[in-house]
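> What follows is a single structure, and I will ask about it in a moment.
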Amino acid sequence: MTCGKTLVLVNGVPASGKSTVVRHLSDRFRWPSLSVDGIKEPFMAQYPNLDRDTNRQLGRAACQAIGDIVARAPDKCVYVIDAWFGFQPPAFWRAIFEHSAVEQVLEIWNDISPEHAVARYAARLGDRKPGHPGEEYLPELHALVERAEPLALGPVYRLAQGPDVDYSGLEHWLTGQFSPPVARALNGHESSRSVS
């Protein structure tokens with residue numbers, strides 16, 4: 001019987017659709033979720049002229065906070081984590097997951113074209129919290145999408161972002177990563193904050 005925890009990483013560059021995927025999974029499986037931006041943005045608001053370096057420092061601190069939250073969670077919990085994991089090297093994340101007694105890492109990679117990501121980011125500039133990069137970031141984002149890759153510390157599901165996102169295929173893949181009794185519970189729409 002496993003005593004470790006499972007993390008479902010919803011990974012992708014900014015504006016790749018991560019938050020929408022997280023909401024879907026939380027609604028479908030009743031898994032709790034944690035977001036790097038959700039943790040760091042209240043602190044960002046305390047800096048009227050936040051620069052990129054401070055933004056990154058707050059991001060690293062938010063990642064450490066997520067690790068501490070998961071570390072304190074009961075055994076066999078499942079958490080959905082919303083982040084652009086590429087802003088830190090794999091060794092950084094591996095250390096956090098080991099500290100948190102994470103046994104299984106499942107990754108959902110939001111596959112998006114550079115043009116689509118840039119268009120999404122540009123459309124939401126007015127809604128982004130102060131401290132996030134503005135319009136000047138768009139060329140950098142385009143280049144980032146072209147080279148970005150999954151974290152790949154465990155099985156990866158590539159979720160194509162577009163008009164019709166294949167959530168059915170994603171759910172089928174996710175349930176297949178758990179033991180048969182847990183998979184049956186997930187398919188039965190039962191609440192599954194922990195696995196056995």
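Each chain in the structure tokens gets a letter, A, B and so on, in the order shown; residues start at 1 in every chain, and ligands are counted from 1 in the order they appear.
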Identify, on the basis of only C-alpha atoms, every residue whose closest approach to region 81-94 of chain A does not exceed 6 Å; exclude the query and any residue fewer than 2 positions from it along the same chain; express the result as a PDB file with N, CA and C atoms, in the first residue's frame.


ATOM      1  N   LEU A   9       0.635  17.711 -11.997  1.00  0.00           N
ATOM      2  CA  LEU A   9       1.200  18.993 -12.412  1.00  0.00           C
ATOM      3  C   LEU A   9       0.513  19.467 -13.686  1.00  0.00           C
ATOM      4  N   VAL A  10      -0.087  20.636 -13.637  1.00  0.00           N
ATOM      5  CA  VAL A  10      -0.656  21.247 -14.835  1.00  0.00           C
ATOM      6  C   VAL A  10       0.361  22.284 -15.292  1.00  0.00           C
ATOM      7  N   ASN A  11       1.125  21.903 -16.299  1.00  0.00           N
ATOM      8  CA  ASN A  11       2.305  22.658 -16.702  1.00  0.00           C
ATOM      9  C   ASN A  11       2.086  23.303 -18.066  1.00  0.00           C
ATOM     10  N   GLY A  12       2.761  24.419 -18.272  1.00  0.00           N
ATOM     11  CA  GLY A  12       2.705  25.096 -19.556  1.00  0.00           C
ATOM     12  C   GLY A  12       3.154  26.534 -19.407  1.00  0.00           C
ATOM     13  N   VAL A  13       3.490  27.135 -20.514  1.00  0.00           N
ATOM     14  CA  VAL A  13       3.932  28.529 -20.506  1.00  0.00           C
ATOM     15  C   VAL A  13       2.774  29.435 -20.095  1.00  0.00           C
ATOM     16  N   SER A  33      -6.419  22.090  -5.240  1.00  0.00           N
ATOM     17  CA  SER A  33      -5.413  22.625  -6.151  1.00  0.00           C
ATOM     18  C   SER A  33      -4.649  23.761  -5.490  1.00  0.00           C
ATOM     19  N   LEU A  34      -3.418  23.930  -5.958  1.00  0.00           N
ATOM     20  CA  LEU A  34      -2.545  25.012  -5.505  1.00  0.00           C
ATOM     21  C   LEU A  34      -1.941  25.672  -6.729  1.00  0.00           C
ATOM     22  N   SER A  35      -1.818  26.999  -6.686  1.00  0.00           N
ATOM     23  CA  SER A  35      -1.305  27.756  -7.811  1.00  0.00           C
ATOM     24  C   SER A  35      -0.147  28.642  -7.361  1.00  0.00           C
ATOM     25  N   VAL A  36       0.947  28.619  -8.115  1.00  0.00           N
ATOM     26  CA  VAL A  36       2.076  29.492  -7.789  1.00  0.00           C
ATOM     27  C   VAL A  36       1.637  30.955  -7.841  1.00  0.00           C
ATOM     28  N   ILE A  96      11.905  19.662  -3.931  1.00  0.00           N
ATOM     29  CA  ILE A  96      10.627  20.007  -3.291  1.00  0.00           C
ATOM     30  C   ILE A  96       9.737  18.777  -3.171  1.00  0.00           C
ATOM     31  N   PHE A  97       9.650  17.979  -4.227  1.00  0.00           N
ATOM     32  CA  PHE A  97       8.787  16.803  -4.205  1.00  0.00           C
ATOM     33  C   PHE A  97       9.294  15.769  -3.191  1.00  0.00           C
TER      34      PHE A  97
END

> Can you pull out the residues contacting Val70 (chain A)? Cut-off 10 Å, using only C-alpha atoms, and skip same-chain residues under 5 positions away; I want them as a ChimeraX atom specification.

/A:5-7,34,64-65,75,77-79,96-97,99-102

> How about saving the chosen residues, N, CA and C atoms kept, as a short mmCIF file (atom, residue, chain, number, x, y, z; two decimals), in the first residue's frame?


data_model
loop_
_atom_site.label_atom_id
_atom_site.label_comp_id
_atom_site.auth_asym_id
_atom_site.auth_seq_id
_atom_site.Cartn_x
_atom_site.Cartn_y
_atom_site.Cartn_z
N LYS A 5 2.27 10.72 -1.61
CA LYS A 5 1.25 11.58 -2.20
C LYS A 5 1.42 11.61 -3.72
N THR A 6 0.36 12.00 -4.39
CA THR A 6 0.39 12.15 -5.84
C THR A 6 0.20 13.62 -6.19
N LEU A 7 1.06 14.12 -7.07
CA LEU A 7 0.90 15.46 -7.61
C LEU A 7 0.52 15.37 -9.08
N LEU A 34 -3.42 23.93 -5.96
CA LEU A 34 -2.55 25.01 -5.50
C LEU A 34 -1.94 25.67 -6.73
N GLN A 64 8.18 26.94 -2.77
CA GLN A 64 8.55 26.36 -1.48
C GLN A 64 7.33 26.25 -0.57
N ALA A 65 6.46 27.26 -0.61
CA ALA A 65 5.24 27.22 0.20
C ALA A 65 4.34 26.05 -0.22
N ASP A 75 -1.10 11.38 4.28
CA ASP A 75 -0.61 10.42 3.30
C ASP A 75 -1.67 10.14 2.23
N CYS A 77 -2.65 11.77 -0.29
CA CYS A 77 -3.41 12.87 -0.89
C CYS A 77 -3.04 13.06 -2.36
N VAL A 78 -3.99 13.62 -3.12
CA VAL A 78 -3.74 14.03 -4.50
C VAL A 78 -3.92 15.55 -4.56
N TYR A 79 -2.90 16.23 -5.06
CA TYR A 79 -2.97 17.68 -5.25
C TYR A 79 -2.75 18.01 -6.71
N ILE A 96 11.91 19.66 -3.93
CA ILE A 96 10.63 20.01 -3.29
C ILE A 96 9.74 18.78 -3.17
N PHE A 97 9.65 17.98 -4.23
CA PHE A 97 8.79 16.80 -4.20
C PHE A 97 9.29 15.77 -3.19
N HIS A 99 11.02 16.45 -0.45
CA HIS A 99 10.72 17.02 0.86
C HIS A 99 9.26 16.80 1.23
N SER A 100 8.38 16.81 0.24
CA SER A 100 6.93 16.71 0.47
C SER A 100 6.43 15.27 0.52
N ALA A 101 7.33 14.28 0.44
CA ALA A 101 6.96 12.86 0.44
C ALA A 101 6.03 12.53 -0.73
N VAL A 102 6.34 13.10 -1.89
CA VAL A 102 5.57 12.82 -3.10
C VAL A 102 6.09 11.53 -3.71
#

> Select, from A:Asp111, A:Asp127, A:Glu136, A:Glu103, the residue with the minimum atom-to-atom distance to Gly4 (chain A), counting only C-alpha atoms.

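For Gly4 (chain A), the nearest of the given residues is A:Glu103.
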
> For the strand (DSSP E or B) assignment from backbone DSSP, which residues of region 28-147 of chain A qualify? Please present them as a list in words.

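Result set for region 28-147 of chain A (strand (DSSP E or B)): Ser33, Leu34, Ser35, Cys77, Val78, Tyr79, Val80, Ile81, Asp82, Ala83, Val102, Glu103, Gln104, Val105, Leu106, Glu107, Ile108, Trp109, Asn110, Asp111, Pro130 and His132 of chain A.
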
> Keeping C-alpha atoms, export the residues of the selection given above as a tab-separated table (two decimals), in the first residue's frame.


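Generated output (again.tsv):
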chain	number	residue	atom	x	y	z
A	33	SER	CA	-5.41	22.62	-6.15
A	34	LEU	CA	-2.55	25.01	-5.50
A	35	SER	CA	-1.30	27.76	-7.81
A	77	CYS	CA	-3.41	12.87	-0.89
A	78	VAL	CA	-3.74	14.03	-4.50
A	79	TYR	CA	-2.97	17.68	-5.25
A	80	VAL	CA	-3.29	19.53	-8.55
A	81	ILE	CA	-0.50	22.10	-8.98
A	82	ASP	CA	-0.84	24.99	-11.44
A	83	ALA	CA	2.52	26.44	-12.53
A	102	VAL	CA	5.57	12.82	-3.10
A	103	GLU	CA	5.55	9.30	-4.52
A	104	GLN	CA	3.89	9.86	-7.89
A	105	VAL	CA	4.18	12.82	-10.26
A	106	LEU	CA	1.74	13.02	-13.18
A	107	GLU	CA	2.13	15.87	-15.63
A	108	ILE	CA	-0.34	17.49	-17.99
A	109	TRP	CA	1.53	19.51	-20.59
A	110	ASN	CA	-0.56	22.24	-22.20
A	111	ASP	CA	0.50	22.12	-25.85
A	130	PRO	CA	0.32	44.41	-11.31
A	132	HIS	CA	3.32	40.56	-14.17

> Can you pull out the residues contacting His116 (chain A)? Cut-off 9 Å, using only C-alpha atoms, and skip same-chain residues under 4 positions away; I want them as a PyMOL selection string.

chain A and resi 15-16+112+120-121+161-162

> Write a file of the selected residues as a short mmCIF file (atom, residue, chain, number, x, y, z; two decimals), in the first residue's frame, keeping N, CA and C atoms.


data_model
loop_
_atom_site.label_atom_id
_atom_site.label_comp_id
_atom_site.auth_asym_id
_atom_site.auth_seq_id
_atom_site.Cartn_x
_atom_site.Cartn_y
_atom_site.Cartn_z
N ALA A 15 -0.33 31.75 -20.25
CA ALA A 15 -1.45 31.86 -21.19
C ALA A 15 -1.66 30.60 -22.01
N SER A 16 -1.26 29.44 -21.48
CA SER A 16 -1.45 28.19 -22.21
C SER A 16 -2.71 27.44 -21.79
N ILE A 112 0.50 24.31 -26.87
CA ILE A 112 -0.11 25.47 -27.51
C ILE A 112 0.87 26.06 -28.51
N ARG A 120 -3.53 35.00 -26.57
CA ARG A 120 -4.21 34.89 -25.27
C ARG A 120 -3.63 35.86 -24.25
N TYR A 121 -2.31 35.91 -24.20
CA TYR A 121 -1.65 36.79 -23.23
C TYR A 121 -2.02 38.25 -23.51
N GLN A 161 -4.13 22.46 -26.79
CA GLN A 161 -5.00 23.60 -26.51
C GLN A 161 -5.54 24.16 -27.82
N GLY A 162 -6.85 24.32 -27.87
CA GLY A 162 -7.49 24.84 -29.07
C GLY A 162 -8.97 24.99 -28.81
#

> Could you please write out, as a ChimeraX atom specification, every residue of region 22-113 of chain A that DSSP assigns to alpha helix (DSSP H)?

/A:22-29,36-44,52-72,90-99

> Counting only C-alpha atoms, what is within 9 Å of Asp51 (chain A), bar same-chain residues fewer than 2 positions away, as a list of chain:residue names?

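Here the qualifying residues turn out to be A:Tyr47, A:Asn49, A:Asp53, A:Thr54, A:Asn55, A:Arg56, A:Gly131, A:His132, A:Pro133.
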
> Measuring atom to atom with only C-alpha atoms, identify which of A:Trp31, A:Glu98, A:Ala62, A:Ile39 is nearest to Leu153 (chain A).

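Looking at the shortest contact to Leu153 (chain A), the residue is A:Glu98.
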
> Could you state the separation of CA of Lys18 (chain A) and CA of Leu159 (chain A) in Å, given to one decimal place?

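Pair CA of Lys18 (chain A) / CA of Leu159 (chain A) returns 10.2 Å.
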
> Env of region 172-174 of chain A: 10 Å cut, atoms = only C-alpha atoms, seq-sep filter 3 positions within chain, self excluded. Answer as a VMD selection string.

chain A and resid 8 25 106 to 108 155 to 157 167 to 169 177 to 178 183 186 to 187

> Go ahead and save the picked residues with N, CA and C atoms, as a compact mmCIF listing (two decimals), in the first residue's frame.


# COMPACT_ATOMS: atom_id res chain seq x y z
N VAL A 8 -0.51 16.11 -9.44
CA VAL A 8 -0.89 16.25 -10.84
C VAL A 8 -0.44 17.65 -11.25
N LEU A 25 -10.32 19.78 -13.59
CA LEU A 25 -9.93 18.62 -12.78
C LEU A 25 -10.47 18.72 -11.36
N LEU A 106 2.40 13.11 -11.88
CA LEU A 106 1.74 13.02 -13.18
C LEU A 106 1.71 14.42 -13.78
N GLU A 107 2.03 14.54 -15.04
CA GLU A 107 2.13 15.87 -15.63
C GLU A 107 1.21 16.01 -16.83
N ILE A 108 0.48 17.12 -16.84
CA ILE A 108 -0.34 17.49 -17.99
C ILE A 108 0.35 18.68 -18.65
N PRO A 155 5.12 10.35 -15.76
CA PRO A 155 4.34 10.24 -17.00
C PRO A 155 3.78 11.60 -17.42
N VAL A 156 3.77 11.85 -18.73
CA VAL A 156 3.32 13.14 -19.28
C VAL A 156 2.17 12.91 -20.25
N TYR A 157 1.12 13.72 -20.11
CA TYR A 157 0.02 13.72 -21.07
C TYR A 157 0.04 15.07 -21.78
N TYR A 167 -10.90 16.80 -22.96
CA TYR A 167 -10.92 16.46 -21.54
C TYR A 167 -11.26 15.00 -21.30
N SER A 168 -12.03 14.41 -22.18
CA SER A 168 -12.37 12.99 -22.03
C SER A 168 -11.11 12.13 -22.11
N GLY A 169 -10.26 12.40 -23.07
CA GLY A 169 -9.01 11.66 -23.18
C GLY A 169 -8.10 11.89 -21.99
N GLN A 177 -3.70 5.97 -14.39
CA GLN A 177 -2.45 6.06 -13.64
C GLN A 177 -2.60 5.59 -12.19
N PHE A 178 -3.83 5.33 -11.75
CA PHE A 178 -4.08 4.91 -10.38
C PHE A 178 -4.41 3.43 -10.32
N ALA A 183 -9.21 3.99 -9.53
CA ALA A 183 -9.72 4.34 -10.85
C ALA A 183 -11.23 4.17 -10.91
N LEU A 186 -12.77 7.13 -9.18
CA LEU A 186 -12.68 8.33 -10.00
C LEU A 186 -13.71 8.30 -11.12
N ASN A 187 -13.86 7.16 -11.76
CA ASN A 187 -14.83 7.04 -12.84
C ASN A 187 -16.26 7.13 -12.35

> Can you pull out the residues contacting region 117-119 of chain A? Cut-off 9 Å, using only C-alpha atoms, and skip same-chain residues under 2 positions away; I want them as a compact mmCIF listing (two decimals) with N, CA and C atoms, in the first residue's frame.


# COMPACT_ATOMS: atom_id res chain seq x y z
N VAL A 13 3.49 27.13 -20.51
CA VAL A 13 3.93 28.53 -20.51
C VAL A 13 2.77 29.43 -20.09
N PRO A 14 3.05 30.69 -19.76
CA PRO A 14 1.96 31.62 -19.46
C PRO A 14 0.95 31.68 -20.61
N ALA A 15 -0.33 31.75 -20.25
CA ALA A 15 -1.45 31.86 -21.19
C ALA A 15 -1.66 30.60 -22.01
N SER A 16 -1.26 29.44 -21.48
CA SER A 16 -1.45 28.19 -22.21
C SER A 16 -2.71 27.44 -21.79
N GLY A 17 -3.50 28.00 -20.88
CA GLY A 17 -4.76 27.37 -20.48
C GLY A 17 -4.70 26.55 -19.22
N ILE A 112 0.50 24.31 -26.87
CA ILE A 112 -0.11 25.47 -27.51
C ILE A 112 0.87 26.06 -28.51
N SER A 113 0.37 26.66 -29.56
CA SER A 113 1.23 27.28 -30.55
C SER A 113 1.71 28.64 -30.04
N PRO A 114 2.86 29.12 -30.51
CA PRO A 114 3.32 30.44 -30.10
C PRO A 114 2.30 31.54 -30.40
N GLU A 115 1.67 31.47 -31.56
CA GLU A 115 0.70 32.50 -31.94
C GLU A 115 -0.51 32.52 -31.02
N TYR A 121 -2.31 35.91 -24.20
CA TYR A 121 -1.65 36.79 -23.23
C TYR A 121 -2.02 38.25 -23.51
N ALA A 122 -1.97 38.64 -24.79
CA ALA A 122 -2.29 40.02 -25.17
C ALA A 122 -3.74 40.37 -24.82
N ALA A 123 -4.64 39.42 -25.02
CA ALA A 123 -6.05 39.68 -24.74
C ALA A 123 -6.33 39.89 -23.26
N ARG A 124 -5.44 39.37 -22.40
CA ARG A 124 -5.67 39.44 -20.95
C ARG A 124 -4.76 40.44 -20.25
N LEU A 138 5.56 39.99 -24.94
CA LEU A 138 4.98 39.16 -25.99
C LEU A 138 6.03 38.51 -26.91
N PRO A 139 7.05 39.23 -27.40
CA PRO A 139 8.07 38.55 -28.22
C PRO A 139 8.83 37.48 -27.44
N LEU A 141 7.61 35.72 -24.96
CA LEU A 141 6.70 34.59 -24.80
C LEU A 141 6.68 33.74 -26.08
N HIS A 142 6.66 34.38 -27.23
CA HIS A 142 6.66 33.66 -28.51
C HIS A 142 7.88 32.75 -28.60
N VAL A 145 7.64 29.72 -26.05
CA VAL A 145 6.77 28.61 -26.47
C VAL A 145 7.50 27.70 -27.46
